[in-house]
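Have a look at run-v3.csv; it's CSV, C-alpha atoms:
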chain,number,residue,atom,x,y,z
A,1,MET,CA,18.1,-6.2,5.4
A,2,LYS,CA,17.2,-4.2,8.4
A,3,GLY,CA,14.3,-1.9,8.3
A,4,LEU,CA,12.7,1.0,10.2
A,5,THR,CA,10.8,-0.3,13.2
A,6,ASP,CA,10.3,2.7,15.4
A,7,ARG,CA,6.8,3.0,16.9
A,8,PRO,CA,4.8,5.7,18.8
A,9,PRO,CA,4.3,5.4,22.5
A,10,LEU,CA,2.1,2.4,23.6
A,11,VAL,CA,-1.6,3.2,23.5
A,12,ALA,CA,-3.8,2.3,26.4
A,13,ARG,CA,-6.7,0.0,25.8
A,14,ALA,CA,-9.2,2.8,26.7
A,15,ASP,CA,-7.5,5.0,24.1
A,16,LEU,CA,-7.7,2.2,21.5
A,17,SER,CA,-11.5,2.0,22.2
A,18,ARG,CA,-11.9,5.7,21.7
A,19,ALA,CA,-9.9,5.5,18.6
A,20,ALA,CA,-12.1,2.7,17.3
A,21,VAL,CA,-15.2,4.8,17.8
A,22,GLU,CA,-13.6,7.7,15.9
A,23,ALA,CA,-12.4,5.4,13.2
A,24,THR,CA,-15.9,3.9,12.7
A,25,ARG,CA,-17.3,7.4,12.2
A,26,ARG,CA,-14.6,8.3,9.7
A,27,ALA,CA,-15.1,5.0,7.9
A,28,GLU,CA,-18.8,5.7,7.5
A,29,GLU,CA,-18.1,9.2,6.3
A,30,THR,CA,-15.6,8.2,3.7
A,31,ALA,CA,-17.9,5.4,2.4
A,32,ARG,CA,-20.8,7.8,2.0
A,33,SER,CA,-18.5,10.3,0.2
A,34,ALA,CA,-17.3,7.6,-2.2
A,35,GLY,CA,-20.9,6.3,-2.8
A,36,VAL,CA,-20.3,2.8,-1.5
A,37,SER,CA,-21.3,0.6,1.4
A,38,LEU,CA,-18.9,-1.9,2.9
A,39,GLU,CA,-19.7,-5.3,4.4
A,40,ILE,CA,-17.8,-8.0,6.1
A,41,VAL,CA,-18.0,-11.2,4.1
A,42,GLY,CA,-20.2,-13.6,5.9
A,43,ASP,CA,-20.8,-16.5,3.5
A,44,GLU,CA,-19.1,-18.5,0.8
A,45,ALA,CA,-21.1,-17.0,-2.1
A,46,THR,CA,-20.1,-13.5,-1.2
A,47,ALA,CA,-16.4,-14.5,-0.8
A,48,ARG,CA,-16.6,-16.0,-4.4
A,49,GLU,CA,-18.2,-12.8,-5.6
A,50,MET,CA,-15.5,-10.7,-4.1
A,51,THR,CA,-12.6,-12.8,-5.4
A,52,GLY,CA,-14.2,-12.8,-8.9
A,53,MET,CA,-14.2,-9.0,-8.8
A,54,LEU,CA,-10.6,-8.9,-7.8
A,55,GLY,CA,-9.8,-11.1,-10.8
A,56,ARG,CA,-11.2,-8.4,-13.0
A,57,VAL,CA,-9.1,-5.8,-11.3
A,58,TRP,CA,-5.9,-7.8,-11.9
A,59,ASN,CA,-7.0,-8.7,-15.4
A,60,GLN,CA,-6.3,-12.4,-14.9
A,61,GLU,CA,-5.7,-14.1,-18.2
A,62,THR,CA,-5.1,-17.5,-16.6
A,63,GLY,CA,-8.8,-17.9,-15.6
A,64,SER,CA,-7.8,-17.9,-11.9
A,65,ASP,CA,-8.5,-15.2,-9.4
A,66,PRO,CA,-5.6,-13.6,-7.5
A,67,LEU,CA,-7.0,-15.2,-4.3
A,68,PRO,CA,-8.8,-18.5,-4.3
A,69,PRO,CA,-12.4,-18.0,-3.2
A,70,GLU,CA,-12.1,-21.0,-0.9
A,71,LEU,CA,-9.2,-19.4,0.9
A,72,ALA,CA,-11.0,-16.0,1.2
A,73,TRP,CA,-14.0,-17.8,2.8
A,74,ALA,CA,-11.8,-19.8,5.1
A,75,LEU,CA,-10.0,-16.6,6.3
A,76,ALA,CA,-13.4,-14.9,6.8
A,77,HIS,CA,-14.8,-17.9,8.6
A,78,ALA,CA,-11.8,-17.9,11.0
A,79,GLY,CA,-12.5,-14.3,12.0
A,80,ASN,CA,-10.1,-12.4,9.8
A,81,TYR,CA,-10.8,-9.3,7.7
A,82,VAL,CA,-12.6,-10.0,4.4
A,83,ALA,CA,-14.7,-7.2,3.1
A,84,LEU,CA,-16.6,-6.2,0.0
A,85,ALA,CA,-17.6,-2.7,-1.2
A,86,ARG,CA,-20.8,-2.2,-3.2
A,87,ASP,CA,-22.0,0.8,-5.2
A,88,SER,CA,-25.5,2.3,-4.9
A,89,ALA,CA,-26.8,-0.4,-7.3
A,90,GLY,CA,-25.4,-3.2,-5.2
A,91,ARG,CA,-22.6,-4.1,-7.6
A,92,ALA,CA,-19.3,-5.3,-6.2
A,93,VAL,CA,-16.7,-2.6,-6.9
A,94,ALA,CA,-13.9,-3.2,-4.4
A,95,GLY,CA,-12.7,-5.8,-2.0
A,96,ALA,CA,-10.0,-6.4,0.6
A,97,VAL,CA,-8.6,-9.4,2.6
A,98,GLY,CA,-6.4,-9.2,5.7
A,99,PHE,CA,-5.3,-11.5,8.4
A,100,ARG,CA,-3.8,-11.2,11.9
A,101,GLY,CA,0.0,-11.4,12.2
A,102,ALA,CA,2.5,-11.0,15.0
A,103,ASP,CA,6.1,-9.9,15.4
A,104,GLU,CA,8.5,-8.6,18.1
A,105,GLN,CA,6.3,-5.5,18.3
A,106,GLY,CA,3.1,-7.4,18.9
A,107,ALA,CA,-0.1,-8.2,17.0
A,108,PHE,CA,-1.2,-6.4,13.8
A,109,LEU,CA,-3.5,-6.7,10.8
A,110,HIS,CA,-1.7,-7.5,7.6
A,111,SER,CA,-3.7,-6.3,4.6
A,112,HIS,CA,-2.9,-8.9,1.9
A,113,ILE,CA,-4.9,-7.6,-1.0
A,114,VAL,CA,-7.1,-4.5,-1.8
A,115,GLY,CA,-8.6,-4.0,-5.3
A,116,VAL,CA,-10.8,-1.4,-6.8
A,117,LEU,CA,-12.4,-1.7,-10.2
A,118,GLY,CA,-11.1,0.7,-12.8
A,119,SER,CA,-14.5,2.3,-13.1
A,120,HIS,CA,-14.3,3.4,-9.5
A,121,GLN,CA,-10.6,4.2,-9.1
A,122,GLY,CA,-9.9,7.8,-8.1
A,123,SER,CA,-13.4,8.2,-6.6
A,124,GLY,CA,-12.4,7.7,-2.9
A,125,VAL,CA,-13.3,4.0,-2.7
A,126,GLY,CA,-9.7,3.1,-1.9
A,127,VAL,CA,-9.7,5.5,1.0
A,128,ALA,CA,-13.0,4.1,2.2
A,129,VAL,CA,-11.7,0.6,2.2
A,130,LYS,CA,-8.6,1.5,4.2
A,131,GLN,CA,-10.6,3.4,6.7
A,132,HIS,CA,-13.0,0.5,7.1
A,133,GLN,CA,-10.0,-1.8,7.7
A,134,ARG,CA,-8.6,0.7,10.2
A,135,ALA,CA,-11.9,0.7,12.1
A,136,TRP,CA,-12.1,-3.1,12.1
A,137,ALA,CA,-8.6,-3.5,13.4
A,138,LEU,CA,-9.0,-1.0,16.2
A,139,ALA,CA,-12.2,-2.6,17.3
A,140,ALA,CA,-10.3,-5.9,17.4
A,141,GLY,CA,-7.7,-4.4,19.7
A,142,LEU,CA,-5.0,-4.0,17.0
A,143,ASP,CA,-3.1,-0.7,16.8
A,144,ARG,CA,-1.1,-1.4,13.6
A,145,MET,CA,-1.7,-2.4,10.0
A,146,THR,CA,0.9,-3.5,7.4
A,147,TRP,CA,0.7,-4.2,3.7
A,148,THR,CA,3.1,-4.5,0.8
A,149,PHE,CA,3.1,-2.4,-2.3
A,150,ASP,CA,5.2,-2.0,-5.5
A,151,PRO,CA,7.5,1.0,-4.8
A,152,LEU,CA,7.7,1.8,-8.5
A,153,VAL,CA,4.0,2.7,-8.6
A,154,ALA,CA,4.2,6.3,-7.5
A,155,ARG,CA,0.4,6.8,-7.0
A,156,ASN,CA,0.3,3.9,-4.5
A,157,ALA,CA,3.3,5.2,-2.6
A,158,TYR,CA,1.7,8.7,-2.5
A,159,PHE,CA,-1.6,7.2,-1.3
A,160,ASN,CA,0.1,5.2,1.5
A,161,VAL,CA,2.4,7.9,2.8
A,162,MET,CA,0.7,11.2,2.2
A,163,LYS,CA,-3.0,10.3,2.2
A,164,LEU,CA,-3.0,7.7,5.0
A,165,GLY,CA,0.1,8.5,7.0
A,166,ALA,CA,1.7,5.1,6.8
A,167,ARG,CA,5.5,4.7,7.0
A,168,ILE,CA,7.6,2.7,4.6
A,169,THR,CA,9.5,0.3,6.9
A,170,ARG,CA,11.1,-2.4,4.8
A,171,TYR,CA,12.2,-3.2,1.2
A,172,TYR,CA,12.1,-6.8,0.0
A,173,VAL,CA,13.7,-8.0,-3.3
A,174,ASP,CA,11.4,-10.1,-5.5
A,175,PHE,CA,9.1,-10.7,-2.5
A,176,TYR,CA,6.5,-12.8,-4.3
A,177,GLY,CA,8.7,-14.4,-7.0
A,178,ALA,CA,7.4,-14.6,-10.5
A,179,MET,CA,3.8,-13.3,-10.9
A,180,VAL,CA,1.6,-14.1,-13.9
A,181,ASP,CA,-1.3,-11.6,-13.5
A,182,GLY,CA,-2.1,-8.9,-16.0
A,183,ILE,CA,-0.3,-6.2,-14.0
A,184,ASN,CA,2.9,-7.7,-12.8
A,185,SER,CA,3.7,-10.4,-15.4
A,186,GLY,CA,7.3,-10.2,-16.7
A,187,ASP,CA,8.6,-8.0,-13.8
A,188,GLU,CA,10.4,-8.8,-10.6
A,189,SER,CA,8.1,-8.4,-7.6
A,190,ASP,CA,10.1,-6.1,-5.3
A,191,ARG,CA,7.8,-4.8,-2.5
A,192,CYS,CA,8.0,-2.2,0.3
A,193,VAL,CA,6.2,-2.7,3.5
A,194,ALA,CA,3.9,0.1,4.6
A,195,THR,CA,3.2,0.3,8.4
A,196,TRP,CA,0.3,2.3,9.6
A,197,TRP,CA,0.0,3.0,13.3
A,198,LEU,CA,-3.8,3.3,13.5
A,199,SER,CA,-4.1,5.6,16.4
A,200,ALA,CA,-1.4,8.0,15.2
A,201,PRO,CA,-2.3,11.6,14.2
A,202,ALA,CA,-3.4,12.2,10.6
A,203,PRO,CA,-0.6,13.2,8.2
A,204,GLY,CA,0.7,16.8,8.7
A,205,ALA,CA,1.9,19.3,6.2
A,206,PRO,CA,4.1,18.0,3.3
A,207,VAL,CA,7.8,18.1,3.8
A,208,ASP,CA,9.5,20.8,1.8
A,209,GLY,CA,11.9,19.1,-0.6
A,210,ALA,CA,13.2,22.2,-2.3
A,211,ASP,CA,16.7,21.5,-1.0
A,212,ALA,CA,16.7,17.8,-1.9
A,213,VAL,CA,19.5,16.4,-4.0
A,214,GLU,CA,18.3,14.2,-6.8
A,215,VAL,CA,19.9,10.8,-6.7
A,216,LEU,CA,17.7,9.1,-9.2
A,217,SER,CA,16.2,10.9,-12.2
A,218,VAL,CA,14.2,10.3,-15.3
A,219,GLY,CA,16.3,10.6,-18.5
A,220,ALA,CA,15.2,12.1,-21.8
A,221,ASP,CA,14.5,8.6,-23.1
A,222,GLN,CA,12.5,7.7,-19.9
A,223,ARG,CA,15.4,5.5,-18.7
A,224,PRO,CA,16.6,5.8,-15.1
A,225,VAL,CA,19.7,7.9,-14.4
A,226,LEU,CA,21.6,7.2,-11.2
A,227,LEU,CA,23.4,10.2,-9.7
A,228,ASP,CA,25.8,10.7,-6.9
A,229,HIS,CA,24.6,9.8,-3.4
A,230,PRO,CA,26.1,12.5,-1.1
A,231,GLU,CA,25.9,10.8,2.3
A,232,LYS,CA,25.7,14.1,4.3
A,233,THR,CA,22.9,15.6,2.3
A,234,ARG,CA,19.8,16.2,4.4
A,235,LEU,CA,17.4,15.1,1.7
A,236,TRP,CA,17.6,12.8,-1.3
A,237,LEU,CA,15.1,12.8,-4.1
A,238,ALA,CA,14.5,9.6,-6.0
A,239,SER,CA,12.4,10.4,-9.0
A,240,LEU,CA,10.0,8.0,-10.7
A,241,PRO,CA,8.4,7.7,-14.2
A,242,ALA,CA,4.9,9.1,-14.2
A,243,ASP,CA,3.3,5.9,-15.3
A,244,VAL,CA,5.5,2.8,-14.7
A,245,VAL,CA,2.6,0.5,-15.6
A,246,ALA,CA,2.7,1.9,-19.1
A,247,VAL,CA,6.5,1.6,-19.2
A,248,ARG,CA,6.2,-2.0,-18.1
A,249,ARG,CA,3.6,-2.7,-20.9
A,250,ASP,CA,5.4,-0.8,-23.7
A,251,ASN,CA,9.1,-1.3,-22.8
A,252,PRO,CA,9.8,-4.1,-20.4
A,253,GLU,CA,13.5,-3.6,-20.7
A,254,VAL,CA,13.3,0.0,-19.4
A,255,ALA,CA,10.9,-1.1,-16.7
A,256,LEU,CA,13.5,-3.6,-15.4
A,257,GLN,CA,16.1,-0.9,-15.4
A,258,TRP,CA,13.8,1.2,-13.2
A,259,ARG,CA,13.3,-1.8,-10.9
A,260,LEU,CA,17.0,-2.3,-10.4
A,261,ALA,CA,17.7,1.4,-10.0
A,262,LEU,CA,15.1,2.0,-7.4
A,263,ARG,CA,16.1,-1.2,-5.6
A,264,GLN,CA,19.6,0.2,-5.3
A,265,VAL,CA,18.5,3.7,-4.1
A,266,LEU,CA,15.4,3.1,-2.0
A,267,GLY,CA,16.3,-0.4,-0.9
A,268,GLY,CA,19.7,0.8,0.1
A,269,ALA,CA,18.3,3.9,1.9
A,270,LEU,CA,15.8,1.9,4.0
A,271,GLY,CA,18.5,-0.7,4.8
A,272,ASP,CA,20.7,2.1,6.1
A,273,SER,CA,17.8,3.4,8.2
A,274,ARG,CA,17.2,6.5,6.0
A,275,PRO,CA,13.4,7.1,6.2
A,276,VAL,CA,11.1,8.1,3.5
A,277,LEU,CA,9.8,11.5,4.7
A,278,ALA,CA,7.3,12.2,1.8
A,279,VAL,CA,6.2,11.1,-1.6
A,280,THR,CA,5.2,13.6,-4.3
A,281,ARG,CA,2.8,12.9,-7.1
A,282,SER,CA,5.1,14.4,-9.8
A,283,ALA,CA,8.6,13.8,-8.4
A,284,GLY,CA,9.1,10.7,-6.3
A,285,TYR,CA,10.5,9.8,-2.9
A,286,LEU,CA,12.0,12.4,-0.5
A,287,ILE,CA,14.5,10.4,1.7
A,288,GLY,CA,15.8,11.8,4.9
A,289,PRO,CA,19.2,11.2,6.7
A,290,ALA,CA,19.8,8.1,8.7
A,291,ALA,CA,18.1,8.2,12.1

Written as structure tokens, how would this file's structure read?
Amino acid sequence: MKGLTDRPPLVARADLSRAAVEATRRAEETARSAGVSLEIVGDEATAREMTGMLGRVWNQETGSDPLPPELAWALAHAGNYVALARDSAGRAVAGAVGFRGADEQGAFLHSHIVGVLGSHQGSGVGVAVKQHQRAWALAAGLDRMTWTFDPLVARNAYFNVMKLGARITRYYVDFYGAMVDGINSGDESDRCVATWWLSAPAPGAPVDGADAVEVLSVGADQRPVLLDHPEKTRLWLASLPADVVAVRRDNPEVALQWRLALRQVLGGALGDSRPVLAVTRSAGYLIGPAA
């Protein structure tokens, strides 16, 4: 399936350096606002502490962490991005792991996993972690970051697109195969790729979706309803359930119906080069016409 691969104009090395200074300042500000400090993992014990905390985030019932501590330490030792956030009492509350990648557009940082303890979600810690990653990547001469996320989780899509300014560039069907953690168990692991051009301007005003035609809606029984897909309509609206995690827990059959419906609509749109222009907290994806 093809994706959206457009990029802003190439950024000169001097501009990247200036962007790195600005990014470091912003990262420090967001960390202070969230009440945390971030550190790059520098030893095996801290890597083990970080992956243990990620295990609590993902509610691992198997006794294993979502990332082996040995691998996290090996990645850190090799010069990749492995970081831990601590609160004012020194407790580990968030962590992130990323590694360098390369494709036809050049080198980038791929953020493999980011986790924030439930007690600190919604407090700005997630923003602080992403800004810390951004500063690290720019200082390393990288102007792009990618990561995957579950497109059914509306709050994550909103955070990626509207808070950070990332673009949704690919849709992958069952990307990780079967997953056994406490969040994804029993579901298919479709993922979208978020691409964040790190020196691009901050997100602008939200797109007005008043004239969008709804192509996926939430039925009275919380089941997905697929509607007509008018090809010449300027905007599509693909609505989502407010809390798909609860749907997945309480009614896996309905959750699977949502997975397949969104795969058809959003996966098909991205495959046809129709971009996601915005994500709303209460509605869903605003999808534009093909480029």

(request) Point out the residue among A:Val276, A:Asp190, A:Arg56, A:Ile287 with the least atom-to-atom distance to Gly118 in chain A, counting all atoms listed in the file. (result)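 Of the candidates, the smallest distance to Gly118 in chain A is held by A:Arg56.
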
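If you measure from each of A:Pro252, A:Gly52, A:Pro66, A:Gly288 to Val207 in chain A using all atoms listed in the file, the closest one turns out to be A:Gly288.
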
(message) I'd like the neighbourhood of range 87-100 of chain A as a VMD selection string, where a residue qualifies if any of its atoms comes within 7 Å (using all atoms listed in the file), though same-chain residues fewer than 4 positions away should be ignored.
(response) chain A and resid 35 to 37 50 53 to 54 80 to 83 107 to 117 120

With only C-alpha atoms as the counted atoms, please give the residues lying no more than 12 Å from Arg32 in chain A, apart from itself and same-chain residues fewer than 4 positions off, as a PDB file with C-alpha atoms, in the frame of the given file.
ATOM      1  CA  ARG A  25     -17.300   7.400  12.200  1.00  0.00           C
ATOM      2  CA  ARG A  26     -14.600   8.300   9.700  1.00  0.00           C
ATOM      3  CA  ALA A  27     -15.100   5.000   7.900  1.00  0.00           C
ATOM      4  CA  GLU A  28     -18.800   5.700   7.500  1.00  0.00           C
ATOM      5  CA  VAL A  36     -20.300   2.800  -1.500  1.00  0.00           C
ATOM      6  CA  SER A  37     -21.300   0.600   1.400  1.00  0.00           C
ATOM      7  CA  LEU A  38     -18.900  -1.900   2.900  1.00  0.00           C
ATOM      8  CA  ALA A  85     -17.600  -2.700  -1.200  1.00  0.00           C
ATOM      9  CA  ARG A  86     -20.800  -2.200  -3.200  1.00  0.00           C
ATOM     10  CA  ASP A  87     -22.000   0.800  -5.200  1.00  0.00           C
ATOM     11  CA  SER A  88     -25.500   2.300  -4.900  1.00  0.00           C
ATOM     12  CA  SER A 123     -13.400   8.200  -6.600  1.00  0.00           C
ATOM     13  CA  GLY A 124     -12.400   7.700  -2.900  1.00  0.00           C
ATOM     14  CA  VAL A 125     -13.300   4.000  -2.700  1.00  0.00           C
ATOM     15  CA  VAL A 127      -9.700   5.500   1.000  1.00  0.00           C
ATOM     16  CA  ALA A 128     -13.000   4.100   2.200  1.00  0.00           C
ATOM     17  CA  VAL A 129     -11.700   0.600   2.200  1.00  0.00           C
ATOM     18  CA  HIS A 132     -13.000   0.500   7.100  1.00  0.00           C
TER      19      HIS A 132
END

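For Ala283 in chain A, the residues within 8 Å (counting only C-alpha atoms, excluding itself and residues fewer than 4 positions away along the chain) are Leu237, Ala238, Ser239, Leu240 and Val279 of chain A.
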
(message) Just checking: using only C-alpha atoms, which residue out of A:Ser189, A:Thr24, A:Thr280, A:Gln131 ends up closest to Tyr158 in chain A?
(response)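 Checking each candidate against Tyr158 in chain A, we get A:Thr280 as the closest.
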
(request) Kindly extract all protein, DNA and RNA residues lying within 12 Å of the coordinates (25.2, 14.7, 1.6) given in the file, considering all atoms listed in the file, and supply them as a ChimeraX atom specification. (result) /A:211-215,228-237,287-290
